[in-house]
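One structure is given below, encoded as structure tokens.
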Amino acid sequence: MDLQHMENGLGGGGGGGGGGGGGVGGISEIEFQRLAQIIATSIQKVQQNVPTMQRMVNQLNTPQDSPELKKQLHQLMTYTNQLVSDTNNQINEVDKCKERHLKIQRDRLVDDFTAALTAFQAVQRKTADIEKSALRQARGDSFNIARPPGSSRTGSSNSSASQQENNSFFEDNFFNRKSNQQQQQLQTQMQEQVDLQALEEQEQVIRELESNIVGVNEIYKKLGALVYEQGSAVDSIESQVEQTSIFVSQGTENLRKASSYRNKVRKKKLILAGILSAVLLVVILILVFQFKN
């Protein structure tokens, strides 16, 4: 992935964060779907970038390592980190939507983003560990660099007696040695400056990596709080559903008891009516019998 392609990707992914506020205290469903599409695309880009960065990291401190490789890795990590930051802002905008039927879609986006973030942070930490190890080794090597010997003047002083006999030859030899020594010292100083600059650049890369890791951790905390709020809302809904189910069960039981009680009352009424009918029949028979007599 070249730098121009990454910039185009950032332009497409970052445009959704600014226009998210469709209304006071929330966004419309249309805006939600627009942001959701941008978020899904950004998550897919992060998921695609992670294996590429992993392959680059595995080549560090190997024969395949090169300044160009480190440059490409740094560019890709910077782009992905910005993509993660923009996606987090867009998820915060999506969370403002109050439509209940869109909560499941939002929760799925949060879960996918969390998984992509976990993979990206693992690559970040591995890169930081490798860079720190290389920096410690480079510092150790810089202190062990052999300095030009400072004993060349002793040789010239020891040969002062012979210089009196062949002054011209030894003067030329002395100046040649001195010139070579100055050139070696100059080359050593230049090399030390180059090494020092390289160490400073490496330290800057490590500081930037550590800063990005801290930023990703902050996003993790916000996502965790968001997931906790979602879980609380779900628990509240489940509790209400459970309470409703209990009320329905209790109502059904009460209806069953009422129906049973009504049947018992009806049965008692029938029994009483039967008894009264029998008594009335006996009385009528008695009266009829007495009337005949």
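Ordering of the structure tokens sets the chain letters (A, B, ...), residue numbers begin anew at 1 in every chain, and ligands are numbered from 1 in the order given.
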Selection near region 110-113 of chain A, 9 Å with only C-alpha atoms, sequence-local residues under 6 positions removed, as a ChimeraX atom specification = /A:39-40,42-43,46,84,87-88,91,223,226-227
Find, counting only C-alpha atoms, the residue in A:Glu131, A:Asp86, A:Glu29, A:Asp107 that gets nearest to Gln204 (chain A).
->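 Closest to Gln204 (chain A) of all the choices is A:Glu131.
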Near Thr78 (chain A), within 12 Å and counting only C-alpha atoms, which residues show up once chain neighbours fewer than 5 positions away are dropped, as an MDAnalysis selection string?
-> chainID A and resid 3 6:7 10 46 49 53 71:73 83:85 120 124 205 208:209 211:213
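With CA of Lys96 (chain A) on one side and CA of Leu109 (chain A) on the other, the separation reads 14.2 Å.
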